[in-house]
Structures are given as C-alpha cells and as structure tokens.
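Colleague: Data file target_18.txt (compact mmCIF, C-alpha atoms and all ligand atoms) is appended below.
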# COMPACT_ATOMS: atom_id res chain seq x y z
CA MET A 1 71.75 137.22 10.60
CA ILE A 2 67.96 136.71 10.57
CA GLU A 3 68.29 133.08 11.68
CA LYS A 4 69.79 134.24 14.99
CA LEU A 5 66.48 135.93 15.80
CA LEU A 6 64.28 132.90 15.22
CA PRO A 7 63.34 129.77 17.16
CA ASP A 8 64.21 126.23 16.08
CA GLY A 9 62.07 124.97 13.25
CA VAL A 10 61.97 128.29 11.39
CA VAL A 11 63.99 128.41 8.17
CA ALA A 12 65.52 131.72 7.12
CA VAL A 13 67.40 132.36 3.88
CA GLU A 14 69.15 135.67 3.26
CA THR A 15 71.53 137.24 0.79
CA PHE A 16 73.54 140.43 0.44
CA GLU A 17 73.56 140.29 -3.37
CA ASP A 18 71.24 139.99 -6.34
CA VAL A 19 72.05 137.70 -9.26
CA ALA A 20 72.60 139.85 -12.35
CA GLY A 21 69.94 139.23 -14.98
CA GLU A 22 67.85 136.86 -12.87
CA GLN A 23 64.32 136.55 -14.26
CA SER A 24 61.12 136.45 -12.23
CA PHE A 25 59.68 133.05 -11.38
CA PRO A 26 56.83 131.87 -13.66
CA GLY A 27 53.51 133.05 -12.28
CA GLU A 28 54.96 136.01 -10.38
CA ASP A 29 55.91 138.45 -13.14
CA PHE A 30 52.53 140.21 -13.13
CA LEU A 31 53.27 141.33 -9.57
CA ILE A 32 56.17 143.48 -10.80
CA ALA A 33 55.03 144.10 -14.38
CA ASN A 34 55.32 147.89 -14.12
CA ALA A 35 58.01 148.02 -11.45
CA VAL A 36 61.28 149.94 -11.70
CA GLU A 37 64.48 147.89 -11.87
CA SER A 38 65.37 148.26 -8.16
CA ARG A 39 61.91 146.95 -7.19
CA ARG A 40 62.24 144.03 -9.64
CA ARG A 41 65.63 143.09 -8.16
CA GLU A 42 64.46 143.13 -4.52
CA PHE A 43 61.29 141.21 -5.37
CA ILE A 44 63.00 138.53 -7.50
CA THR A 45 65.84 137.93 -5.04
CA ALA A 46 63.63 137.87 -1.93
CA ARG A 47 61.16 135.49 -3.62
CA ARG A 48 64.10 133.21 -4.50
CA CYS A 49 65.16 133.27 -0.83
CA ALA A 50 61.58 132.36 0.11
CA ARG A 51 61.49 129.39 -2.29
CA GLU A 52 64.84 128.17 -1.00
CA ALA A 53 63.50 128.36 2.56
CA LEU A 54 60.31 126.54 1.52
CA ALA A 55 62.40 123.84 -0.17
CA ARG A 56 64.17 123.23 3.14
CA LEU A 57 60.74 122.60 4.67
CA GLY A 58 60.05 120.11 1.88
CA HIS A 59 57.88 122.28 -0.39
CA ALA A 60 58.16 122.17 -4.17
CA PRO A 61 58.86 125.51 -5.92
CA VAL A 62 55.63 127.46 -6.48
CA PRO A 63 54.82 131.10 -7.26
CA ILE A 64 54.34 133.16 -4.10
CA ARG A 65 51.58 135.58 -4.98
CA ALA A 66 50.43 138.54 -2.91
CA GLY A 67 47.15 139.27 -1.16
CA PRO A 68 45.17 142.52 -1.30
CA LYS A 69 47.45 144.26 1.20
CA ARG A 70 50.63 143.00 -0.47
CA GLU A 71 51.04 140.19 2.06
CA PRO A 72 52.81 137.13 0.64
CA LEU A 73 50.50 134.13 0.15
CA TRP A 74 52.24 130.99 1.39
CA PRO A 75 51.44 127.35 0.65
CA ALA A 76 48.82 125.81 2.95
CA GLY A 77 50.13 125.08 6.43
CA VAL A 78 53.03 127.54 6.12
CA VAL A 79 53.62 130.96 7.68
CA GLY A 80 56.34 133.29 6.52
CA SER A 81 57.66 136.78 6.03
CA ILE A 82 59.80 138.68 3.55
CA THR A 83 62.05 141.71 3.94
CA HIS A 84 64.37 143.71 1.73
CA THR A 85 66.49 146.79 2.14
CA THR A 86 69.41 148.17 0.15
CA GLY A 87 72.02 145.40 0.01
CA PHE A 88 69.99 142.76 1.81
CA ARG A 89 67.03 140.44 1.12
CA ALA A 90 65.61 137.69 3.31
CA ALA A 91 62.69 135.38 3.86
CA ALA A 92 61.71 133.21 6.81
CA VAL A 93 59.17 130.40 6.79
CA ALA A 94 57.85 127.83 9.23
CA SER A 95 55.18 125.21 9.51
CA GLN A 96 52.02 126.36 11.32
CA SER A 97 52.82 123.70 13.88
CA VAL A 98 55.91 125.76 14.80
CA LEU A 99 54.52 129.31 14.65
CA ALA A 100 51.12 130.94 14.15
CA SER A 101 52.74 133.96 12.49
CA ILE A 102 56.06 135.62 11.82
CA GLY A 103 57.20 139.08 10.78
CA ILE A 104 60.73 140.03 9.79
CA ASP A 105 62.04 143.45 8.86
CA THR A 106 65.38 145.05 8.03
CA GLU A 107 66.51 148.64 7.85
CA GLN A 108 69.79 150.49 7.40
CA ASN A 109 71.35 151.35 10.76
CA ALA A 110 71.01 155.05 9.99
CA LEU A 111 69.08 158.07 11.23
CA LEU A 112 65.42 158.20 10.28
CA PRO A 113 64.54 161.05 7.93
CA ASP A 114 63.67 164.31 9.72
CA GLY A 115 60.26 164.25 11.37
CA VAL A 116 59.59 160.51 11.05
CA GLU A 117 60.44 159.59 14.64
CA GLU A 118 57.77 162.00 15.90
CA THR A 119 55.13 160.32 13.75
CA ILE A 120 55.89 156.72 14.78
CA THR A 121 56.37 157.12 18.54
CA ILE A 122 53.81 157.31 21.33
CA SER A 123 53.67 157.28 25.11
CA HIS A 124 57.02 156.57 26.79
CA GLU A 125 58.77 155.71 23.50
CA PRO A 126 60.56 159.07 22.88
CA GLU A 127 62.12 159.02 26.37
CA MET A 128 63.05 155.35 25.96
CA LEU A 129 64.81 156.14 22.66
CA THR A 130 66.72 159.02 24.28
CA ALA A 131 67.90 156.76 27.10
CA LEU A 132 68.89 153.96 24.69
CA SER A 133 70.79 156.42 22.47
CA ARG A 134 72.75 157.67 25.47
CA SER A 135 73.77 154.18 26.58
CA SER A 136 74.42 152.70 23.08
CA PRO A 137 75.09 155.55 20.64
CA GLY A 138 76.22 153.20 17.83
CA ILE A 139 72.66 152.06 17.23
CA HIS A 140 70.03 154.28 15.62
CA TRP A 141 67.27 153.40 18.07
CA GLY A 142 64.56 155.37 16.30
CA ARG A 143 65.20 153.33 13.18
CA LEU A 144 65.21 150.16 15.27
CA LEU A 145 61.82 151.04 16.73
CA PHE A 146 60.52 151.70 13.21
CA SER A 147 61.76 148.29 12.04
CA ALA A 148 60.32 146.54 15.09
CA LYS A 149 56.91 148.11 14.46
CA GLU A 150 57.01 147.02 10.82
CA ALA A 151 57.87 143.46 11.93
CA VAL A 152 54.94 143.65 14.36
CA TYR A 153 52.64 144.66 11.52
CA LYS A 154 53.87 141.84 9.25
CA ALA A 155 53.13 139.28 12.00
CA TRP A 156 49.82 140.95 12.98
CA TYR A 157 48.25 141.30 9.55
CA PRO A 158 47.95 137.62 8.54
CA LEU A 159 46.27 136.84 11.89
CA THR A 160 43.81 139.72 11.92
CA GLY A 161 43.41 140.96 8.34
CA ARG A 162 43.40 144.49 9.73
CA ARG A 163 45.67 147.48 9.50
CA LEU A 164 47.70 148.50 12.53
CA GLY A 165 48.95 152.05 12.89
CA PHE A 166 52.26 153.05 14.46
CA GLU A 167 50.20 154.58 17.28
CA ASP A 168 48.43 151.26 17.92
CA ALA A 169 51.37 149.44 19.49
CA ARG A 170 53.59 150.62 22.36
CA LEU A 171 57.10 149.24 22.28
CA THR A 172 59.40 148.46 25.15
CA ILE A 173 62.91 147.68 23.97
CA ASP A 174 65.43 145.76 26.06
CA PRO A 175 68.91 146.75 24.80
CA MET A 176 70.02 143.12 25.23
CA GLY A 177 68.13 142.32 22.01
CA THR A 178 64.42 141.85 22.67
CA PHE A 179 61.27 143.94 22.56
CA VAL A 180 57.62 143.70 23.50
CA ALA A 181 54.84 145.44 21.60
CA THR A 182 51.76 146.08 23.72
CA LEU A 183 48.77 146.30 21.43
CA LEU A 184 46.44 149.21 22.15
CA VAL A 185 43.65 148.10 19.81
CA ASP A 186 41.34 145.10 19.62
CA GLY A 187 43.47 142.08 18.70
CA THR A 188 40.67 139.74 17.60
CA ARG A 189 42.03 137.07 15.27
CA THR A 190 40.34 135.67 12.19
CA ASP A 191 41.24 132.10 13.25
CA GLY A 192 39.14 132.34 16.43
CA GLU A 193 42.14 131.96 18.78
CA SER A 194 42.53 134.27 21.79
CA PRO A 195 42.91 137.92 20.75
CA LEU A 196 46.43 139.29 20.43
CA THR A 197 47.35 141.58 23.31
CA ALA A 198 51.12 141.75 22.95
CA LEU A 199 53.71 140.60 20.44
CA ARG A 200 57.31 139.70 21.24
CA GLY A 201 60.37 140.11 19.12
CA ARG A 202 64.13 140.11 18.90
CA PHE A 203 66.64 142.34 17.11
CA ILE A 204 70.21 142.34 15.94
CA VAL A 205 72.45 145.09 14.56
CA ALA A 206 75.15 143.87 12.18
CA HIS A 207 76.63 144.60 8.74
CA GLY A 208 75.36 148.19 8.97
CA LEU A 209 71.80 146.88 9.20
CA ILE A 210 69.09 146.52 11.82
CA ALA A 211 67.08 143.29 11.66
CA THR A 212 63.97 142.58 13.71
CA ALA A 213 61.74 139.53 14.00
CA VAL A 214 58.40 138.97 15.70
CA THR A 215 57.06 135.48 16.24
CA VAL A 216 53.66 134.34 17.48
CA PRO A 217 53.59 130.91 19.17
CA PRO A 218 51.60 128.14 17.48
CA ASN A 219 47.92 127.69 18.23
CA PRO A 220 47.13 125.03 20.83
CA GLY A 221 46.75 121.75 18.98
CA ALA A 222 48.57 122.95 15.85
CA ALA A 223 51.16 120.19 16.21
C1 LIG B 1 53.95 146.45 4.95
C2 LIG B 1 55.12 147.29 5.38
C3 LIG B 1 55.39 147.03 6.86
C4 LIG B 1 56.35 146.88 4.56
O1 LIG B 1 57.35 147.79 4.78
P1 LIG B 1 58.64 147.90 3.81
O2 LIG B 1 59.41 149.09 4.24
O3 LIG B 1 58.24 147.77 2.39
O4 LIG B 1 59.46 146.68 4.35
P2 LIG B 1 60.27 145.50 3.67
O5 LIG B 1 60.87 145.89 2.36
O6 LIG B 1 61.16 144.96 4.70
O7 LIG B 1 59.13 144.40 3.44
C5 LIG B 1 58.31 144.37 2.34
C6 LIG B 1 57.60 143.04 2.35
O8 LIG B 1 56.65 143.01 3.40
C7 LIG B 1 55.66 142.07 3.04
N1 LIG B 1 54.36 142.64 3.31
C8 LIG B 1 53.77 143.68 2.67
N2 LIG B 1 52.54 143.89 3.17
C9 LIG B 1 52.35 142.97 4.13
C10 LIG B 1 51.25 142.68 5.00
N3 LIG B 1 50.13 143.38 4.96
N4 LIG B 1 51.39 141.66 5.86
C11 LIG B 1 52.52 140.92 5.91
N5 LIG B 1 53.59 141.16 5.10
C12 LIG B 1 53.50 142.17 4.22
C13 LIG B 1 55.82 141.77 1.56
O9 LIG B 1 56.37 140.48 1.41
C14 LIG B 1 56.81 142.83 1.11
O10 LIG B 1 57.69 142.44 0.10
P3 LIG B 1 57.20 142.10 -1.40
O11 LIG B 1 56.23 143.18 -1.76
O12 LIG B 1 58.44 142.09 -2.20
O13 LIG B 1 56.53 140.75 -1.26
C15 LIG B 1 54.86 148.83 5.18
O14 LIG B 1 54.76 149.11 3.81
C16 LIG B 1 53.59 149.32 5.86
O15 LIG B 1 52.49 149.26 5.29
N6 LIG B 1 53.71 149.89 7.09
C17 LIG B 1 52.59 150.50 7.76
C18 LIG B 1 52.02 149.58 8.81
C19 LIG B 1 52.93 149.47 9.98
O16 LIG B 1 54.11 149.22 9.84
N7 LIG B 1 52.37 149.66 11.19
C20 LIG B 1 53.12 149.59 12.41
C21 LIG B 1 52.25 148.91 13.43
S1 LIG B 1 52.96 148.98 15.03
Translate this structure into structure tokens?
Ligand SMILES: CC(C)(COP(=O)(O)OP(=O)(O)OC[C@H]1O[C@@H](n2cnc3c(N)ncnc32)[C@H](O)[C@@H]1OP(=O)(O)O)[C@@H](O)C(=O)NCCC(=O)NCCS
Modeller:
Amino acid sequence: MIEKLLPDGVVAVETFEDVAGEQSFPGEDFLIANAVESRRREFITARRCAREALARLGHAPVPIRAGPKREPLWPAGVVGSITHTTGFRAAAVASQSVLASIGIDTEQNALLPDGVEETITISHEPEMLTALSRSSPGIHWGRLLFSAKEAVYKAWYPLTGRRLGFEDARLTIDPMGTFVATLLVDGTRTDGESPLTALRGRFIVAHGLIATAVTVPPNPGAA
C-alpha cells in the first residue's frame, strides 16, 4: 500500500500483523523499557519493517535509535520514516541520492474525535473538506488531512530540526490522490539548501486505512 505512494528507489516494507512474542532488537530495548504492551508491539514490528527495508538497500541490521524529538536515526546516507496504526505498521527508506527527506503516516479511515478537525484546519481547509466529503463520502477527509499534516511534519523535521504546528501548513488536496502543503513559516534547512516553501505528497485509502506520504527531492549533487 505505502509503496504505491513512493517514487522508484524508495523501499517500503509493511505488515498487517505483529509476530507473537517477538523481542526487541539488541540496542533498542531502552527506547520502550517502560512502554505498555501495545506500544512495544508497534515499535518492535515497525523497527523490523525498517531493518528489512534497509537490508534491501544493502545495509546490515543495526539498532535504529531515536533523536530528541522521537525521530528515527537512520544510518549515514539514508533517509526514512516509520508509521503505525492499529493493525498496520510500515517503514520506508531511501538513499539520500534518491530523496532528501520522506514522511509516511497512516490512520484509520474513520471520523476524527469531536473537536479535532477545528484545531487542525486553517484558511480554506474546512470548506475544502466539506466539498471533498460531498463528492467522495466514503473517505473521512478530515482524518486524511490530519494524516497528511503528520506526514508533512515527519518529512519537515529532519530537514529543519524545528517543530511545525498544524496551523503552519495549508493543505490543498486533489481527490485524485495528491496534496500540496504550503508552508506558512520560515522553511530554512539545517543542510543549507534552499528553504522549504511547499511539500508535496500522495495518499491512498485502502484496507480501512488512510496512508499518506510526503517526499522531498534530493539535493542538487546528492547523486
Ligand atoms: C510525530 C507525530 C507526527 C507522530 O504521530 P503518530 O500519531 O505517533 O504517528 P505514527 O504512529 O504514524 O508515527 C510515529 C512515528 O513517527 C516517527 N516520528 C516521531 N517523531 C518524529 C519526528 N520529529 N520527525 C520524524 N519522524 C518522527 C517515529 O518513528 C514514530 O514511531 P516510533 O516512535 O515507533 O519510532 C506526532 O506525534 C506529532 O508530534 N504531531 C505534531 C506535529 C504535527 O503533526 N504537525 C503538523 C504540521 S502541518
């Protein structure tokens, strides 16, 4: 499902099931030392997906630790992203010569809890969601916008090292399966490349889930 959203050269591994009794990978257990069982399961399975994806890029199995804002720390020269929701876990990785950053996110295709849509939408977004819901009522568009913004954040953070609020990006969703996030804050990058002004993504709705992916093209000369 996730692979359909990504360009050639990106490896995605996903699963709809955990392996009963699977233990955490050596060097990662401290990250979930005090976690409840459901958190352990999502973490262990998604990290396994990530290592499988890395193996397909030719990387030996290593612990994938987390940075100060919980971002996964990938081997040198690799970009990647992890997502999990009830009944689904996935990871996507690519060489930096293929992408400068990637963010993937999944959500249940279900209504957002009461009041959430109001807190995550700005500008023309409420009207856009109303129009989308009228034309395609089988998709929970508020939830899709939420997922798309989370994917935007996961791609944004490794490039900027800064937080991004839901009010800091304005989404335009094309019901054919793409979206553009216009950034309303300074997009200066820590790698000295041109500041981010907009991020582009794709989405799919399948298996009762919404999946979104944002990719940032490689830096000039990265190949
Ligand atoms: C980080 C965040 C997006 C993750 O949301 P979530 O509902 O837990 O989503 P998922 O379960 O799909 O993904 C969790 C994974 O995201 C990754 N992640 C967490 N923080 C991250 C960051 N700062 N940068 C990149 N990836 C990050 C991690 O791999 C995490 O899984 P892990 O802890 O098992 O490694 C969310 O917690 C958050 O902070 N949102 C507020 C910021 C935001 O979304 N702004 C919108 C801007 S338009």
Colleague: Could you list, as a PyMOL selection string, every residue within 12 Å of Ala92 (chain A), counting all atoms listed in the file and ignoring same-chain residues fewer than 3 positions away?
Modeller: chain A and resi 1-14+46-57+72+74+78-84+89+95+99+101-105+154-155+212-215
Colleague: If you take every atom of ligand LIG 1 (chain B) that the file lists and fit an axis-aligned box around them with 6 Å extra on each side, what centre and edge lengths come out in Å to one decimal, as JSON?
Modeller:
{"center_x": 55.6, "center_y": 145.5, "center_z": 6.4, "size_x": 23.0, "size_y": 22.0, "size_z": 29.2}
Colleague: Which distance in Å separates atom C19 of ligand LIG 1 (chain B) and CA of Ile210 (chain A), to one decimal?
Modeller: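 Pair atom C19 of ligand LIG 1 (chain B) / CA of Ile210 (chain A) returns 16.5 Å.
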Colleague: Taking all atoms listed in the file into account, report as a PyMOL selection string which residues have an atom no farther than 6 Å from an atom of ligand LIG 1 (chain B).
Modeller: chain A and resi 43+69-72+82-85+105-106+149-150+152-154+157-158+164-166+168-169
Colleague: Those residues with C-alpha atoms, as a short mmCIF file (atom, residue, chain, number, x, y, z; two decimals), keeping the file's coordinate frame please?
Modeller:
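Wrote it out as selection33.cif, contents follow:
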data_model
loop_
_atom_site.label_atom_id
_atom_site.label_comp_id
_atom_site.auth_asym_id
_atom_site.auth_seq_id
_atom_site.Cartn_x
_atom_site.Cartn_y
_atom_site.Cartn_z
CA PHE A 43 61.29 141.21 -5.37
CA LYS A 69 47.45 144.26 1.20
CA ARG A 70 50.63 143.00 -0.47
CA GLU A 71 51.04 140.19 2.06
CA PRO A 72 52.81 137.13 0.64
CA ILE A 82 59.80 138.68 3.55
CA THR A 83 62.05 141.71 3.94
CA HIS A 84 64.37 143.71 1.73
CA THR A 85 66.49 146.79 2.14
CA ASP A 105 62.04 143.45 8.86
CA THR A 106 65.38 145.05 8.03
CA LYS A 149 56.91 148.11 14.46
CA GLU A 150 57.01 147.02 10.82
CA VAL A 152 54.94 143.65 14.36
CA TYR A 153 52.64 144.66 11.52
CA LYS A 154 53.87 141.84 9.25
CA TYR A 157 48.25 141.30 9.55
CA PRO A 158 47.95 137.62 8.54
CA LEU A 164 47.70 148.50 12.53
CA GLY A 165 48.95 152.05 12.89
CA PHE A 166 52.26 153.05 14.46
CA ASP A 168 48.43 151.26 17.92
CA ALA A 169 51.37 149.44 19.49
#
Colleague: Env of region 179-188 of chain A: 12 Å cut, atoms = only C-alpha atoms, seq-sep filter 2 positions within chain, self excluded. Answer as an MDAnalysis selection string.
Modeller: chainID A and resid 5 122:123 125 144:153 155:177 190:204 212:216
Colleague: Considering all atoms listed in the file, can you say which of A:Arg65, A:Arg143, A:His207, A:Arg189 comes closest to Val116 (chain A)?
Modeller: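 For Val116 (chain A), the nearest of the candidates is A:Arg143.
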Colleague: Quick one: residues within 9 Å of Ile139 (chain A), all atoms listed in the file, excluding same-chain residues fewer than 3 positions away - as a list in words?
Modeller: Asn109, Ala110, Leu132, Ser133, Ser136, Gly142, Arg143, Leu144, Val205 and Ile210 of chain A
Colleague: Name the closest residue to Pro113 (chain A) among the candidates A:Gly21, A:Ala60, A:His140, A:Thr45; distances are taken between atoms, counting all atoms listed in the file.
Modeller: A:His140
Colleague: Of the candidates A:Pro68, A:Gly27, A:Gly77, A:Pro61, which shows the shortest atom-to-atom distance to Ser97 (chain A), using only C-alpha atoms?
Modeller: A:Gly77
Colleague: Do a neighbour search on Ala33 (chain A) at 12 Å with all atoms listed in the file, toss out local chain neighbours closer than 5 positions, and write the hits as a PyMOL selection string.
Modeller: chain A and resi 23-24+27-28+39-40+43-44
Colleague: Could you please determine the separation between CA of Ala100 (chain A) and CA of Pro220 (chain A) in Å, to one decimal place?
Modeller: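 Result for CA of Ala100 (chain A) versus CA of Pro220 (chain A): 9.8 Å, one decimal.
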Colleague: Looking at only C-alpha atoms, which of A:Arg41, A:Pro26, A:Ser135, A:Val36 is the one that sits closest to Ile64 (chain A)?
Modeller: A:Pro26
Colleague: At what distance in Å, to one decimal, does CA of Gln108 (chain A) lie from CA of Thr86 (chain A)?
Modeller: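 Between these atoms lies a distance of 7.6 Å.
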Colleague: For a cutoff of 6 Å around the file-coordinate point (53.6, 126.5, 19.3), which residues qualify once you count all atoms listed in the file? I'd like the result as number ranges by chain.
Modeller: A: 98-99, 217-219
